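Engineer: One structure coming up, written as structure tokens, with questions to follow.
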Amino acid sequence: MCLAKNQKNKNFKKIHYYTKNKFYNNLNTSKKITIVIDAGHGGHDPGAIGIQGLQEKKVNIEIALRLKNLLNHDSLFCTILTRNNDSYLSLTKRKQFLKNNHVNLLISIHADSSRKQYVSGASVWMVSKTRINREIDDYLKKKPAILFSKKIENIFNENKYDFFLKKTILDLQFNNFQKMELDLSQKILEQLKKNTKLNKTYPNYASLSILSSINTPSILIETGFITNFLEEKKLRTADHQNKIASSIYLGLKNYFNHSINF
Ligand SMILES: [Zn+2]
């Protein structure tokens with residue numbers, strides 16, 4: 001069992017209410033790698049819908065739960081789900097949780113869509129540098145409450161008015177995050193290609209809000225195109241959902257077994 005390091009129990013309760021996740025009652029004292037698994041959409045937001053009627057939100061939660069089980073059976077990891085059922089959770093609340101907690105990684109699970117029904121395959125996404133620069137500037141101007149690692153918190157507290165020092169630290173931190181996200185994404189793609197077609201063989205960058213937290217490395221995985229007839233058929237099967245989940249798990253395992261970046 002694992003828990004995020006949190007200084008604001010009120011927010012824990014809020015998230016607890018939305019996710020009904022029992023793990024939020026204590027603080028994380030373990031050395032495990034804490035991964036937030038974010039199943040995209042949910043509740044009244046179905047996400048993309050396939051030609052045969054499959055809703056993206058269902059695929060996302062199925063793969064997220066399977067990934068959670070794999071990670072929780074590995075002593076290296078512990079997990080927190082942003083939602084564990086068909087509930088709606090706004091993007092703001094998902095991001096608020098990251099602002100108030102210190103976790104090692106966010107993985108957001110989605111399924112892709114296109115007007116061109118022949119398009120298929122999985123892809124992995126990271127946040128663009130332009131977006132993060134904007135987020136860092138916003139943070140330095142507006143100073144919203146964001147929980148950073150203890151060491152960064154200490155430096156910020158000792159240098160409250162040193163704008164340039166803070167910016168430098170956040171820039172350096174983002175460079176490290178980006179390197180980590182890139183290496184991890186490549187490890188996940190290596191595994192995914194054994195089990196499914198890839199739409200993009202390299203990680204991609206975009207200005208995605210869910211990936212834009214300046215205190216958490218984050219990647220988004222598009223598990224396939226729900227608008228492709230054959231891929232929609234596969235994405236609804238437990239067998240394929242297991243394959244995608246275990247590809248992500250093995251990618252994580254391969255990355256963290258050889259990494260000192262956490
Ligand atoms: Zn989506």
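Chain labels run A, B, ... following the order of the structure tokens; each chain numbers its residues from 1, and ligands are numbered from 1 in the order shown.
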Under the rule of at most 8 Å, produce a per-residue listing of chain A near ligand 1: chain, number, name, the closest pair of atoms, and the distance in Å, as a tab-separated table, using only C-alpha atoms and all ligand atoms.
Structural biologist:
residue	atom	partner	partner_atom_place_in_ligand_line	distance
A:Gly40	CA	ligand 1	1 (Zn)	5.5
A:His41	CA	ligand 1	1 (Zn)	6.3
A:Gly47	CA	ligand 1	1 (Zn)	5.2
A:Ala48	CA	ligand 1	1 (Zn)	6.4
A:Glu56	CA	ligand 1	1 (Zn)	6.7
A:Lys57	CA	ligand 1	1 (Zn)	7.5
A:Ile109	CA	ligand 1	1 (Zn)	7.6
A:His110	CA	ligand 1	1 (Zn)	4.5
A:Ala111	CA	ligand 1	1 (Zn)	5.5
A:Asp112	CA	ligand 1	1 (Zn)	6.4
A:Glu222	CA	ligand 1	1 (Zn)	7.8
Engineer: Which is closest to A:Ala245 among A:Arg83, A:Thr223, A:Leu147, A:Leu170, if we use only C-alpha atoms?
Structural biologist: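 Ranked by minimum distance to A:Ala245, first place goes to A:Thr223.
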Engineer: Select, from A:Glu158, A:Asn195, A:Ile219, A:His73, the residue with the minimum atom-to-atom distance to A:Asp38, counting only C-alpha atoms.
Structural biologist: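 For A:Asp38, the nearest of the given residues is A:Ile219.
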Engineer: Which neighbours of A:Lys200 fall inside 9 Å, counting only C-alpha atoms, when residues of the same chain fewer than 6 positions from it are skipped, and could you give them as a ChimeraX atom specification?
Structural biologist: /A:121-124
Engineer: I need the residues of stretch 15-210 of chain A that end up classed as helix (DSSP H, G or I) by DSSP on the backbone, written out as a ChimeraX atom specification.
Structural biologist: /A:15-19,22-25,56-72,91-100,129-142,150-158,163-195,209-210
Engineer: Select, from A:Lys194, A:Lys93, A:Arg115, A:Lys129, the residue with the minimum atom-to-atom distance to A:Ile226, counting only C-alpha atoms.
Structural biologist: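 Between A:Lys194, A:Lys93, A:Arg115, A:Lys129, the residue approaching A:Ile226 most closely is A:Arg115.
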Engineer: Applying 10 Å and only C-alpha atoms, which residues near A:Lys193 remain after dropping the ones on its own chain fewer than 3 positions away? List them as a list in words.
Structural biologist: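 After dropping sequence-adjacent residues, the list is Gly121, Ala122, Ser123, Ile188, Leu189, Glu190, Thr196, Lys197, Leu198, Asn199, Thr201, Ile244 and Ser247 of chain A.
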Engineer: Out of A:Asn175, A:Asn104, A:Asn60, A:Ser90, which residue has the shortest atom-to-atom distance to A:Val36 when counting only C-alpha atoms?
Structural biologist: A:Asn104
Engineer: Which is closest to A:Glu231 among A:Ala39, A:Val119, A:Leu98, A:Leu250, if we use only C-alpha atoms?
Structural biologist: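 Looking at the shortest contact to A:Glu231, the residue is A:Val119.
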